[in-house]
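Asker: For reference, this is query.cif, and it has mmCIF, C-alpha atoms.
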```
data_data
loop_
_atom_site.label_atom_id
_atom_site.label_comp_id
_atom_site.auth_asym_id
_atom_site.auth_seq_id
_atom_site.Cartn_x
_atom_site.Cartn_y
_atom_site.Cartn_z
CA MET A 1 -36.20 47.26 -34.64
CA ILE A 2 -35.53 44.73 -31.88
CA ALA A 3 -37.85 41.73 -31.74
CA ILE A 4 -38.76 40.77 -28.15
CA VAL A 5 -39.88 37.16 -28.34
CA ASP A 6 -43.32 36.66 -26.83
CA TYR A 7 -43.75 33.04 -25.80
CA ASP A 8 -46.03 33.48 -22.80
CA VAL A 9 -43.41 33.49 -20.08
CA GLY A 10 -43.95 36.56 -18.01
CA ASN A 11 -44.18 40.24 -18.62
CA LEU A 12 -42.18 41.62 -21.53
CA LYS A 13 -43.20 45.23 -21.17
CA ASN A 14 -40.34 46.08 -18.78
CA VAL A 15 -37.78 44.93 -21.36
CA TYR A 16 -39.61 46.94 -24.01
CA THR A 17 -39.59 50.06 -21.79
CA ALA A 18 -35.90 49.73 -20.94
CA LEU A 19 -34.98 49.38 -24.63
CA GLY A 20 -36.85 52.64 -25.18
CA ASP A 21 -34.62 54.30 -22.53
CA VAL A 22 -31.56 53.73 -24.73
CA GLY A 23 -33.36 54.69 -27.93
CA LEU A 24 -34.06 51.19 -29.25
CA SER A 25 -37.49 50.40 -30.56
CA GLY A 26 -38.78 47.01 -29.52
CA THR A 27 -41.59 44.93 -30.94
CA ILE A 28 -43.15 42.22 -28.82
CA THR A 29 -43.83 39.38 -31.22
CA ARG A 30 -44.01 35.68 -31.95
CA ASP A 31 -44.23 36.19 -35.73
CA LYS A 32 -41.36 34.59 -37.67
CA LYS A 33 -41.50 37.33 -40.32
CA VAL A 34 -40.93 39.98 -37.65
CA LEU A 35 -38.03 37.98 -36.18
CA ASP A 36 -36.51 37.69 -39.67
CA ALA A 37 -36.86 41.43 -40.26
CA ALA A 38 -35.48 42.47 -36.84
CA ASP A 39 -32.00 43.97 -36.34
CA ALA A 40 -31.59 41.81 -33.26
CA ILE A 41 -33.68 39.46 -31.16
CA ILE A 42 -34.20 39.44 -27.40
CA LEU A 43 -35.35 36.28 -25.67
CA PRO A 44 -36.63 37.21 -22.19
CA GLY A 45 -38.18 34.83 -19.72
CA VAL A 46 -39.01 33.97 -16.15
CA GLY A 47 -40.27 30.71 -14.69
CA ALA A 48 -39.28 27.14 -15.36
CA PHE A 49 -36.89 25.93 -18.08
CA SER A 50 -39.02 23.05 -19.37
CA ASP A 51 -42.18 25.18 -19.65
CA ALA A 52 -40.23 27.79 -21.57
CA MET A 53 -38.87 25.25 -24.07
CA ASP A 54 -42.36 23.76 -24.43
CA ASN A 55 -43.73 27.19 -25.26
CA LEU A 56 -41.01 27.90 -27.80
CA ARG A 57 -42.00 24.62 -29.47
CA LYS A 58 -45.71 25.31 -29.17
CA PHE A 59 -45.37 28.66 -30.93
CA ASP A 60 -43.03 27.13 -33.53
CA LEU A 61 -40.25 29.56 -32.65
CA ILE A 62 -37.24 27.25 -32.45
CA ASP A 63 -36.62 27.07 -36.21
CA ALA A 64 -37.10 30.82 -36.49
CA LEU A 65 -34.49 31.38 -33.77
CA ASN A 66 -32.10 28.81 -35.28
CA ASP A 67 -32.36 30.37 -38.75
CA ASN A 68 -31.64 33.85 -37.47
CA VAL A 69 -28.75 32.78 -35.28
CA LYS A 70 -27.26 30.87 -38.23
CA LYS A 71 -27.54 34.03 -40.35
CA GLY A 72 -25.43 35.83 -37.77
CA LYS A 73 -28.16 37.98 -36.25
CA ILE A 74 -27.55 38.97 -32.65
CA LEU A 75 -29.73 37.09 -30.18
CA MET A 76 -29.70 38.11 -26.53
CA GLY A 77 -31.30 35.95 -23.84
CA ILE A 78 -32.21 37.54 -20.51
CA CYS A 79 -32.50 35.58 -17.22
CA LEU A 80 -34.25 32.29 -18.10
CA GLY A 81 -33.84 33.38 -21.73
CA MET A 82 -30.07 33.15 -21.25
CA GLN A 83 -30.31 29.67 -19.72
CA LEU A 84 -32.23 28.44 -22.78
CA LEU A 85 -29.19 29.23 -24.95
CA PHE A 86 -27.28 26.30 -23.40
CA ASP A 87 -27.39 22.56 -24.17
CA LYS A 88 -29.46 21.40 -21.26
CA SER A 89 -30.87 22.15 -17.85
CA TYR A 90 -31.33 20.04 -14.73
CA GLU A 91 -34.23 22.15 -13.45
CA ASP A 92 -36.78 19.60 -12.16
CA GLY A 93 -35.52 16.91 -14.53
CA GLU A 94 -33.26 16.97 -17.54
CA PHE A 95 -34.30 19.07 -20.52
CA SER A 96 -32.67 20.10 -23.79
CA GLY A 97 -32.10 23.74 -24.59
CA LEU A 98 -31.28 25.63 -27.78
CA SER A 99 -27.59 24.57 -27.77
CA TYR A 100 -26.11 27.84 -29.03
CA ILE A 101 -23.56 27.85 -26.21
CA PRO A 102 -22.03 24.59 -24.92
CA GLY A 103 -22.81 23.95 -21.28
CA GLU A 104 -25.43 23.02 -18.72
CA ILE A 105 -27.78 24.74 -16.29
CA VAL A 106 -27.34 23.46 -12.74
CA LYS A 107 -28.69 24.30 -9.29
CA PHE A 108 -26.82 26.22 -6.59
CA ASP A 109 -25.94 23.71 -3.91
CA ALA A 110 -23.32 25.20 -1.63
CA PRO A 111 -24.14 24.81 2.08
CA GLY A 112 -25.38 27.90 3.86
CA ILE A 113 -26.27 30.03 0.85
CA LYS A 114 -29.74 31.38 0.31
CA ILE A 115 -31.54 30.25 -2.82
CA PRO A 116 -32.67 32.02 -5.02
CA HIS A 117 -29.56 34.12 -5.59
CA MET A 118 -31.63 37.25 -5.17
CA GLY A 119 -30.55 40.86 -5.18
CA TRP A 120 -27.76 43.12 -6.38
CA ASN A 121 -24.38 41.58 -7.09
CA ASN A 122 -21.37 43.11 -8.77
CA LEU A 123 -19.96 42.12 -12.14
CA VAL A 124 -16.43 40.78 -12.40
CA ILE A 125 -15.04 41.07 -15.92
CA ASN A 126 -13.71 37.76 -17.25
CA ARG A 127 -12.73 38.92 -20.68
CA ASP A 128 -12.81 42.12 -22.66
CA SER A 129 -15.89 42.84 -24.74
CA PRO A 130 -17.73 45.93 -25.99
CA LEU A 131 -20.65 44.59 -23.92
CA VAL A 132 -18.89 45.64 -20.71
CA LYS A 133 -17.65 49.03 -21.84
CA ASN A 134 -17.69 51.47 -18.90
CA ILE A 135 -18.52 48.69 -16.46
CA GLY A 136 -16.36 48.57 -13.33
CA PRO A 137 -15.98 46.45 -10.20
CA GLU A 138 -18.47 48.57 -8.23
CA ASP A 139 -21.26 48.11 -10.76
CA TYR A 140 -24.14 46.06 -9.41
CA VAL A 141 -26.95 44.38 -11.31
CA TYR A 142 -30.13 42.68 -10.14
CA PHE A 143 -30.19 38.88 -10.07
CA VAL A 144 -32.94 36.45 -9.21
CA HIS A 145 -32.40 32.80 -10.08
CA SER A 146 -31.93 29.38 -8.48
CA TYR A 147 -30.04 27.73 -11.35
CA TYR A 148 -26.93 28.98 -13.08
CA ALA A 149 -25.00 28.29 -16.27
CA ASN A 150 -21.99 26.01 -16.16
CA PRO A 151 -20.40 26.57 -19.57
CA GLU A 152 -18.09 24.04 -21.15
CA ASN A 153 -15.73 26.83 -22.03
CA PHE A 154 -15.35 29.58 -19.43
CA ASP A 155 -14.04 31.87 -22.20
CA ASP A 156 -17.66 32.22 -23.29
CA VAL A 157 -18.17 34.16 -20.04
CA VAL A 158 -17.71 37.92 -20.41
CA ALA A 159 -18.56 38.74 -16.80
CA TYR A 160 -19.50 36.77 -13.71
CA ALA A 161 -20.74 37.36 -10.18
CA GLU A 162 -19.45 35.61 -7.05
CA TYR A 163 -22.09 33.57 -5.23
CA SER A 164 -20.50 30.42 -3.80
CA VAL A 165 -19.29 29.83 -7.37
CA LYS A 166 -18.42 32.09 -10.30
CA VAL A 167 -21.92 32.67 -11.64
CA PRO A 168 -21.84 33.50 -15.36
CA ALA A 169 -23.61 36.86 -15.61
CA ILE A 170 -22.87 37.89 -19.20
CA VAL A 171 -22.05 35.22 -21.78
CA LYS A 172 -21.22 35.63 -25.43
CA LYS A 173 -20.42 33.16 -28.14
CA ASP A 174 -20.22 34.69 -31.61
CA ASN A 175 -23.56 36.43 -32.19
CA VAL A 176 -25.33 34.88 -29.19
CA ILE A 177 -25.39 36.85 -25.93
CA GLY A 178 -26.89 36.07 -22.54
CA MET A 179 -27.48 38.09 -19.39
CA GLN A 180 -28.43 36.11 -16.29
CA PHE A 181 -29.50 39.21 -14.37
CA HIS A 182 -32.18 41.71 -15.37
CA PRO A 183 -30.62 44.69 -17.18
CA GLU A 184 -34.09 46.23 -17.43
CA LYS A 185 -34.25 46.27 -13.60
CA SER A 186 -30.64 47.22 -12.94
CA SER A 187 -30.98 50.99 -12.79
CA ASN A 188 -28.15 53.00 -14.37
CA VAL A 189 -25.84 49.98 -14.76
CA GLY A 190 -28.57 48.24 -16.75
CA PHE A 191 -28.87 51.38 -18.84
CA GLN A 192 -25.13 51.30 -19.59
CA LEU A 193 -25.27 47.61 -20.55
CA LEU A 194 -28.22 48.15 -22.87
CA THR A 195 -26.41 51.13 -24.39
CA ASN A 196 -23.43 48.84 -25.03
CA PHE A 197 -25.80 46.32 -26.60
CA LYS A 198 -27.21 49.06 -28.82
CA GLU A 199 -23.74 50.08 -29.99
CA MET A 200 -22.91 46.47 -30.73
CA ILE A 201 -25.88 45.98 -33.04
CA SER A 202 -25.67 49.30 -34.85
CA MET B 1 -20.53 39.95 -3.59
CA LEU B 2 -24.27 39.79 -3.07
CA THR B 3 -25.34 42.89 -1.18
CA LYS B 4 -27.90 43.35 1.56
CA ARG B 5 -30.98 45.15 0.31
CA ILE B 6 -32.68 48.28 1.61
CA ILE B 7 -36.36 48.38 0.72
CA PRO B 8 -38.65 51.35 1.28
CA CYS B 9 -42.22 50.24 1.73
CA LEU B 10 -44.99 52.40 0.41
CA ASP B 11 -48.41 51.74 1.90
CA VAL B 12 -50.95 52.90 -0.63
CA ASP B 13 -54.50 53.90 0.20
CA HIS B 14 -56.78 55.36 -2.46
CA GLY B 15 -53.81 56.11 -4.69
CA ARG B 16 -51.69 57.87 -2.06
CA VAL B 17 -48.78 56.66 0.08
CA VAL B 18 -49.64 56.65 3.76
CA LYS B 19 -47.93 55.42 6.90
CA GLY B 20 -49.72 54.22 9.97
CA LYS B 21 -48.39 53.61 13.46
CA LYS B 22 -49.32 50.09 14.54
CA PHE B 23 -51.67 50.10 11.57
CA GLN B 24 -53.69 52.99 12.98
CA ASN B 25 -53.77 56.80 12.74
CA ILE B 26 -53.02 56.77 9.05
CA GLN B 27 -51.58 60.00 7.64
CA ASP B 28 -51.21 61.09 4.03
CA VAL B 29 -47.65 61.31 2.68
CA ALA B 30 -47.15 61.38 -1.05
CA ASP B 31 -47.74 60.26 -4.59
CA PRO B 32 -46.53 56.65 -5.01
CA VAL B 33 -44.98 57.11 -8.44
CA GLU B 34 -43.16 60.28 -7.44
CA LEU B 35 -41.90 58.75 -4.20
CA GLY B 36 -40.92 55.51 -5.97
CA ARG B 37 -38.80 57.41 -8.47
CA TYR B 38 -37.20 59.45 -5.69
CA TYR B 39 -36.18 56.31 -3.76
CA SER B 40 -34.88 54.64 -6.89
CA ASP B 41 -32.65 57.66 -7.56
CA GLN B 42 -31.47 57.61 -3.93
CA GLY B 43 -30.25 54.03 -4.23
CA ALA B 44 -33.14 51.96 -2.87
CA ASP B 45 -32.59 48.36 -3.93
CA GLU B 46 -36.23 47.47 -4.33
CA LEU B 47 -39.62 48.92 -3.53
CA VAL B 48 -42.72 47.42 -2.00
CA PHE B 49 -46.19 48.83 -2.59
CA TYR B 50 -48.90 47.57 -0.28
CA ASP B 51 -52.50 48.32 -1.02
CA ILE B 52 -53.34 48.56 2.66
CA THR B 53 -57.09 48.58 2.45
CA ALA B 54 -57.60 45.99 -0.29
CA SER B 55 -57.39 42.96 1.95
CA TYR B 56 -60.67 43.71 3.64
CA GLU B 57 -62.45 46.08 1.31
CA ASP B 58 -62.49 43.57 -1.51
CA ARG B 59 -61.57 45.83 -4.36
CA ASP B 60 -59.11 45.68 -7.18
CA ILE B 61 -55.60 46.74 -6.41
CA PHE B 62 -54.29 49.74 -8.18
CA ILE B 63 -53.26 48.28 -11.49
CA HIS B 64 -52.99 51.72 -12.97
CA ILE B 65 -50.47 52.78 -10.30
CA VAL B 66 -48.50 49.57 -10.87
CA GLU B 67 -48.26 50.40 -14.58
CA LYS B 68 -47.17 53.96 -13.90
CA VAL B 69 -44.52 52.79 -11.40
CA ALA B 70 -43.19 50.23 -13.91
CA GLU B 71 -42.81 52.98 -16.50
CA ALA B 72 -41.11 55.34 -14.08
CA ILE B 73 -38.54 53.18 -12.28
CA ARG B 74 -35.83 50.66 -13.22
CA ILE B 75 -35.47 48.69 -10.00
CA PRO B 76 -37.56 45.70 -8.96
CA PHE B 77 -40.77 46.21 -7.06
CA THR B 78 -43.26 44.08 -5.20
CA ILE B 79 -47.01 44.49 -4.99
CA GLY B 80 -49.00 43.31 -2.01
CA GLY B 81 -52.42 43.72 -0.50
CA GLY B 82 -55.61 42.03 -1.58
CA ILE B 83 -53.92 39.32 -3.63
CA SER B 84 -56.06 36.22 -3.19
CA LYS B 85 -56.08 34.39 -6.52
CA VAL B 86 -53.58 33.25 -9.14
CA GLU B 87 -55.39 35.64 -11.48
CA ASP B 88 -54.45 38.56 -9.17
CA PHE B 89 -50.79 37.55 -9.53
CA ARG B 90 -51.13 37.54 -13.30
CA LYS B 91 -52.72 41.00 -13.35
CA VAL B 92 -50.04 42.75 -11.33
CA LEU B 93 -47.15 40.90 -13.00
CA MET B 94 -48.48 41.83 -16.43
CA ALA B 95 -48.79 45.43 -15.24
CA GLY B 96 -45.04 45.40 -14.59
CA ALA B 97 -44.53 44.23 -10.99
CA ASP B 98 -41.61 41.85 -10.39
CA LYS B 99 -42.92 40.13 -7.29
CA VAL B 100 -46.20 39.65 -5.54
CA SER B 101 -46.62 39.46 -1.82
CA VAL B 102 -49.34 37.40 -0.16
CA ASN B 103 -50.33 37.46 3.48
CA SER B 104 -53.85 36.73 4.80
CA SER B 105 -54.94 34.97 1.62
CA ALA B 106 -52.06 32.49 1.85
CA VAL B 107 -52.97 31.66 5.46
CA LYS B 108 -56.51 30.97 4.28
CA ASN B 109 -55.37 29.03 1.22
CA PRO B 110 -51.72 27.89 1.43
CA GLN B 111 -52.00 26.22 -2.00
CA LEU B 112 -52.09 29.71 -3.48
CA ILE B 113 -48.31 29.86 -2.87
CA ARG B 114 -47.73 26.60 -4.71
CA GLU B 115 -50.00 27.45 -7.62
CA ALA B 116 -48.46 30.88 -8.12
CA ALA B 117 -44.91 29.53 -7.84
CA LEU B 118 -45.60 26.84 -10.43
CA ARG B 119 -47.26 29.26 -12.79
CA PHE B 120 -45.00 32.32 -12.50
CA GLY B 121 -41.87 31.02 -10.78
CA ALA B 122 -40.87 30.98 -7.11
CA GLN B 123 -38.86 34.17 -7.57
CA CYS B 124 -41.99 36.30 -7.72
CA VAL B 125 -43.81 34.83 -4.71
CA VAL B 126 -43.14 36.67 -1.46
CA LEU B 127 -44.82 35.30 1.64
CA SER B 128 -45.44 38.19 3.99
CA ILE B 129 -46.07 37.27 7.62
CA ASP B 130 -47.40 39.56 10.34
CA ALA B 131 -46.01 38.07 13.55
CA LYS B 132 -46.60 38.99 17.18
CA ARG B 133 -44.91 37.59 20.25
CA ASN B 134 -47.09 35.48 22.53
CA ASN B 135 -46.42 34.66 26.19
CA ARG B 136 -45.03 31.20 25.37
CA GLY B 137 -41.78 32.49 23.92
CA SER B 138 -42.83 32.16 20.30
CA TRP B 139 -44.68 34.21 17.69
CA ASP B 140 -48.24 33.96 16.36
CA VAL B 141 -49.33 34.74 12.83
CA TYR B 142 -51.82 37.60 12.58
CA VAL B 143 -54.00 38.39 9.60
CA LYS B 144 -56.27 41.16 8.35
CA GLY B 145 -53.79 43.96 8.90
CA GLY B 146 -52.75 42.72 12.32
CA ARG B 147 -56.24 42.56 13.74
CA GLU B 148 -56.78 38.81 13.99
CA ASN B 149 -54.64 36.19 15.72
CA THR B 150 -54.71 32.89 13.83
CA GLY B 151 -52.87 30.99 16.56
CA ILE B 152 -50.50 29.61 13.91
CA ASP B 153 -46.82 29.50 14.86
CA ALA B 154 -45.00 32.07 12.71
CA ILE B 155 -41.81 30.06 12.34
CA GLU B 156 -43.68 26.92 11.33
CA TRP B 157 -45.69 28.94 8.84
CA ALA B 158 -42.55 30.44 7.33
CA LYS B 159 -41.07 26.95 6.90
CA GLN B 160 -44.26 25.73 5.30
CA GLY B 161 -44.27 28.75 2.97
CA GLN B 162 -40.76 27.88 1.85
CA ASP B 163 -41.78 24.26 1.22
CA LEU B 164 -44.80 25.40 -0.77
CA GLY B 165 -42.52 27.36 -3.09
CA ALA B 166 -42.28 30.93 -1.80
CA GLY B 167 -39.11 32.61 -3.08
CA GLU B 168 -38.77 34.95 -0.13
CA ILE B 169 -40.25 35.66 3.31
CA CYS B 170 -41.06 39.15 4.53
CA ILE B 171 -41.37 39.03 8.31
CA ASN B 172 -43.18 41.96 9.83
CA SER B 173 -43.12 42.18 13.58
CA ILE B 174 -46.30 43.77 14.92
CA ASP B 175 -44.65 44.40 18.31
CA THR B 176 -41.95 46.60 16.84
CA ASP B 177 -43.84 48.07 13.86
CA GLY B 178 -44.03 51.86 14.04
CA VAL B 179 -42.28 51.97 17.42
CA LYS B 180 -38.86 52.80 15.90
CA LYS B 181 -36.85 50.92 18.51
CA GLY B 182 -35.34 48.36 16.20
CA TYR B 183 -36.34 45.21 14.40
CA ASP B 184 -37.19 41.99 16.22
CA LEU B 185 -33.67 40.56 16.13
CA GLU B 186 -34.49 37.23 17.73
CA LEU B 187 -37.24 36.45 15.25
CA ASN B 188 -35.12 37.45 12.26
CA GLN B 189 -32.14 35.48 13.50
CA LYS B 190 -34.23 32.35 14.07
CA LEU B 191 -35.88 32.52 10.67
CA SER B 192 -32.68 33.26 8.86
CA SER B 193 -30.90 30.27 10.34
CA LEU B 194 -33.83 27.93 9.67
CA LEU B 195 -34.76 28.93 6.14
CA THR B 196 -32.82 28.63 2.89
CA ILE B 197 -34.73 31.39 1.10
CA PRO B 198 -34.01 35.11 1.65
CA ILE B 199 -35.61 36.99 4.56
CA ILE B 200 -36.79 40.58 4.54
CA ALA B 201 -36.98 42.13 8.01
CA SER B 202 -39.82 44.56 8.54
CA GLY B 203 -41.11 46.69 11.39
CA GLY B 204 -39.18 48.82 13.84
CA ALA B 205 -36.49 50.79 12.02
CA GLY B 206 -35.80 54.04 13.82
CA LYS B 207 -32.10 54.69 13.37
CA MET B 208 -29.29 53.52 11.12
CA GLU B 209 -27.95 51.13 13.78
CA ASP B 210 -31.24 49.22 13.66
CA PHE B 211 -30.63 48.32 10.02
CA ALA B 212 -27.07 47.22 10.73
CA GLU B 213 -28.17 45.01 13.63
CA VAL B 214 -30.85 43.10 11.77
CA LEU B 215 -28.69 42.62 8.67
CA LYS B 216 -25.88 41.32 10.90
CA VAL B 217 -28.11 38.67 12.50
CA GLY B 218 -28.90 37.24 9.08
CA ALA B 219 -31.70 39.18 7.38
CA ASP B 220 -31.00 39.55 3.66
CA ALA B 221 -32.94 42.78 3.35
CA ALA B 222 -34.43 45.41 5.62
CA LEU B 223 -37.70 47.13 4.90
CA ALA B 224 -38.84 50.43 6.37
CA ALA B 225 -41.32 53.18 5.66
CA SER B 226 -41.62 56.24 7.86
CA VAL B 227 -37.89 56.82 8.47
CA PHE B 228 -37.58 57.17 4.71
CA HIS B 229 -40.85 58.98 3.99
CA TYR B 230 -40.17 61.66 6.60
CA LYS B 231 -36.54 61.90 5.45
CA GLU B 232 -35.24 61.01 8.92
CA ILE B 233 -32.75 58.62 7.31
CA PRO B 234 -31.58 59.41 3.77
CA ILE B 235 -30.89 56.14 1.92
CA VAL B 236 -27.56 57.46 0.65
CA ASP B 237 -26.36 58.08 4.24
CA LEU B 238 -27.71 54.73 5.38
CA LYS B 239 -25.81 52.88 2.65
CA ASN B 240 -22.59 54.72 3.54
CA TYR B 241 -23.08 53.89 7.22
CA LEU B 242 -23.71 50.20 6.49
CA HIS B 243 -20.65 50.10 4.25
CA ASP B 244 -18.57 51.50 7.13
CA GLN B 245 -20.00 48.74 9.31
CA GLN B 246 -18.60 46.15 6.83
CA ILE B 247 -22.06 45.24 5.59
CA PRO B 248 -22.05 44.72 1.82
CA VAL B 249 -24.35 47.25 0.17
CA ARG B 250 -24.79 48.76 -3.26
CA ARG B 251 -24.04 52.46 -3.21
CA VAL B 252 -25.05 54.92 -5.93
#
```
Would you write the structure of this file as structure tokens?

Answerer:
Amino acid sequence: MIAIVDYDVGNLKNVYTALGDVGLSGTITRDKKVLDAADAIILPGVGAFSDAMDNLRKFDLIDALNDNVKKGKILMGICLGMQLLFDKSYEDGEFSGLSYIPGEIVKFDAPGIKIPHMGWNNLVINRDSPLVKNIGPEDYVYFVHSYYANPENFDDVVAYAEYSVKVPAIVKKDNVIGMQFHPEKSSNVGFQLLTNFKEMIS
Amino acid sequence: MLTKRIIPCLDVDHGRVVKGKKFQNIQDVADPVELGRYYSDQGADELVFYDITASYEDRDIFIHIVEKVAEAIRIPFTIGGGISKVEDFRKVLMAGADKVSVNSSAVKNPQLIREAALRFGAQCVVLSIDAKRNNRGSWDVYVKGGRENTGIDAIEWAKQGQDLGAGEICINSIDTDGVKKGYDLELNQKLSSLLTIPIIASGGAGKMEDFAEVLKVGADAALAASVFHYKEIPIVDLKNYLHDQQIPVRRV
């Protein structure tokens, strides 16, 4: 069972449905006991960084996440959920994150680019990982975000997309994984990535 | 490389997809879920579902259809038509939509854009503008399905929408809509150079060259309906054509 963390930031049903496509059973929850019992945890999220952290605090989920990550359970953040895995974000201020992966969340600021980074961009593999099995240079995934992760150590980046900078798309540090794009909205490439995720946790 | 998006638009009336010419003479086409799945398989990058009668008939949009579409397809989709309150945003987003498009209601209450962007994130707020050329060399904003001229300058309104927090602008040209002689290139070029958020061009696609032209002048996405619904342009062929024209596209 995969726990999908429900902390009132957007619709979680699409993640739940996409997990079902690859034969994973998801449970949408904010119950610590369910997180503790889960085989892996998914932290989704859309919206603003500071609101998301506030909600994690409000629902008393930070300790539950910390405990499970410390135990070695796989945690995967999606979109804003991935950004929360880093030390801090500069989205409308300066806010602390979960600090599982060293680095900061910063805004796109190259001249002439459209913000948000919105649409289908291809993944460039930065380092080998079972997460990107069967993923090639012509595989596109769906992004929509105005801030991106700037990791302290670029080796934590499994794959990136080019958009004025190398935008970390898949990050992994030990048992903590992040996907900046939406695998649940990325058609057959998303399906492949979630299949890889399934193989990793089983 | 970020690709240009091709977006079939499905106008929904009483649960069926329809396509009107200049918003009139509406004809029945197909089941929205079935057609949505078909386009997704063909390589459409996103889908838009407009509830075309909701804006003036004051009835709930088709939440049930939104849920069925979300179950059936794995690409992003936008819901528009009859969205007038933050609560309407919440309903369709919870039903599985990725973005919500506002048009007349945002003209009436521009703060709706700001409130929705703050609550759900700018990425899900699409400001849709129906624009028509006037005789002063600019474009006016029309509302109520193209029936009422507000006298507002379309370019100014698009800029204001961006400032209020819209994540994207969909610009539908009433002059070219349904005529199939190409998008309004001048309008799309102007908007694209002035705005920092993505632009979706809408209204006028008749042949593959029309898509290439509007994407070359700066539109980030091109939306069309009838050329797809009547299978005049298969999306697979269109993507191959655009690729040959050196326009970055995602091919399936």

Asker: CA of Glu213 in chain B and CA of Leu191 in chain B are how many Å apart?

Answerer: 15.0 Å

Asker: Smallest atom-to-atom distance to Leu65 in chain A: which of A:Gly119, A:Gly47, A:Gly77, A:Gly190, using all atoms listed in the file?

Answerer: A:Gly77

Asker: Place a sphere of radius 7 Å on (-48.0, 38.1, 15.2) in the file coordinates and name every protein, DNA or RNA residue with an atom inside or on its surface, counting all atoms listed in the file; give the answer as a ChimeraX atom specification.

Answerer: /B:130-133,139-142,149,173-174

Asker: At most 8 Å is the cut-off: for each residue in chain B with any atom that close to an atom of chain A, write down the nearest atom pair and the distance in Å rounded to one decimal, counting all atoms listed in the file, chain first then increasing number, as a tab-separated table.

Answerer:
```
residue	atom	partner	partner_atom	distance
B:Met1	CA	A:Asn121	CA	5.5
B:Leu2	CA	A:Asn121	CA	4.4
B:Thr3	CA	A:Trp120	CA	5.7
B:Lys4	CA	A:Gly119	CA	7.7
B:Arg5	CA	A:Gly119	CA	7.0
B:Ser40	CA	A:Ser187	CA	8.0
B:Asp45	CA	A:Trp120	CA	7.5
B:Ala70	CA	A:Asn14	CA	7.0
B:Glu71	CA	A:Thr17	CA	6.8
B:Ile73	CA	A:Ser187	CA	7.9
B:Arg74	CA	A:Lys185	CA	4.7
B:Ile75	CA	A:Lys185	CA	4.5
B:Pro76	CA	A:Lys185	CA	5.7
B:Leu93	CA	A:Asn11	CA	6.4
B:Met94	CA	A:Asn11	CA	5.1
B:Ala95	CA	A:Asn11	CA	7.7
B:Gly96	CA	A:Asn14	CA	6.3
B:Leu118	CA	A:Gly47	CA	7.8
B:Arg119	CA	A:Gly47	CA	7.4
B:Phe120	CA	A:Gly47	CA	5.5
B:Gly121	CA	A:Gly47	CA	4.2
B:Ala122	CA	A:Gly47	CA	7.6
B:Gln123	CA	A:Val144	CA	6.6
B:Gly167	CA	A:Pro116	CA	6.8
B:Thr196	CA	A:Lys114	CA	4.9
B:Ile197	CA	A:Lys114	CA	5.1
B:Pro198	CA	A:Lys114	CA	5.8
B:Arg250	CA	A:Tyr140	CA	6.7
```

Asker: Would you kindly translate the PyMOL selection byres ((chain B and resi 180) around 8) into the concrete residues it picks from this file, as a PDB file with C-alpha atoms, in the coordinates of the input?

Answerer:
```
ATOM      1  CA  THR B 176     -41.950  46.600  16.840  1.00  0.00           C
ATOM      2  CA  ASP B 177     -43.840  48.070  13.860  1.00  0.00           C
ATOM      3  CA  GLY B 178     -44.030  51.860  14.040  1.00  0.00           C
ATOM      4  CA  VAL B 179     -42.280  51.970  17.420  1.00  0.00           C
ATOM      5  CA  LYS B 181     -36.850  50.920  18.510  1.00  0.00           C
ATOM      6  CA  GLY B 182     -35.340  48.360  16.200  1.00  0.00           C
ATOM      7  CA  GLY B 203     -41.110  46.690  11.390  1.00  0.00           C
ATOM      8  CA  GLY B 204     -39.180  48.820  13.840  1.00  0.00           C
ATOM      9  CA  ALA B 205     -36.490  50.790  12.020  1.00  0.00           C
ATOM     10  CA  GLY B 206     -35.800  54.040  13.820  1.00  0.00           C
ATOM     11  CA  LYS B 207     -32.100  54.690  13.370  1.00  0.00           C
TER      12      LYS B 207
END
```

Asker: Quote the spacing between CA of Met179 in chain A and CA of Asn196 in chain A in Å to one decimal place.

Answerer: 12.8 Å

Asker: Got a sec: who's within 10 Å of Leu238 in chain B, counting all atoms listed in the file, leaving out chain neighbours fewer than 3 positions off, as a PyMOL selection string?

Answerer: chain B and resi 6+43+207-209+211-212+233-235+241-244+249+251

Asker: Expressed in Å to a single decimal, how great is the separation between CA of Asp153 in chain B and CA of Lys108 in chain B?

Answerer: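 Separation of CA of Asp153 in chain B and CA of Lys108 in chain B: 14.4 Å.
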
Asker: Evaluate the PyMOL selection byres ((chain A and resi 42) around 6) against this structure - the residues, as a count of residues only, please.

Answerer: 6

Asker: Name the residues captured by the PyMOL selection byres ((chain B and resi 230) around 12) when it is applied to the shown file; answer as a PyMOL selection string.

Answerer: chain B and resi 8+17-19+27-30+35+206+224-229+231-235
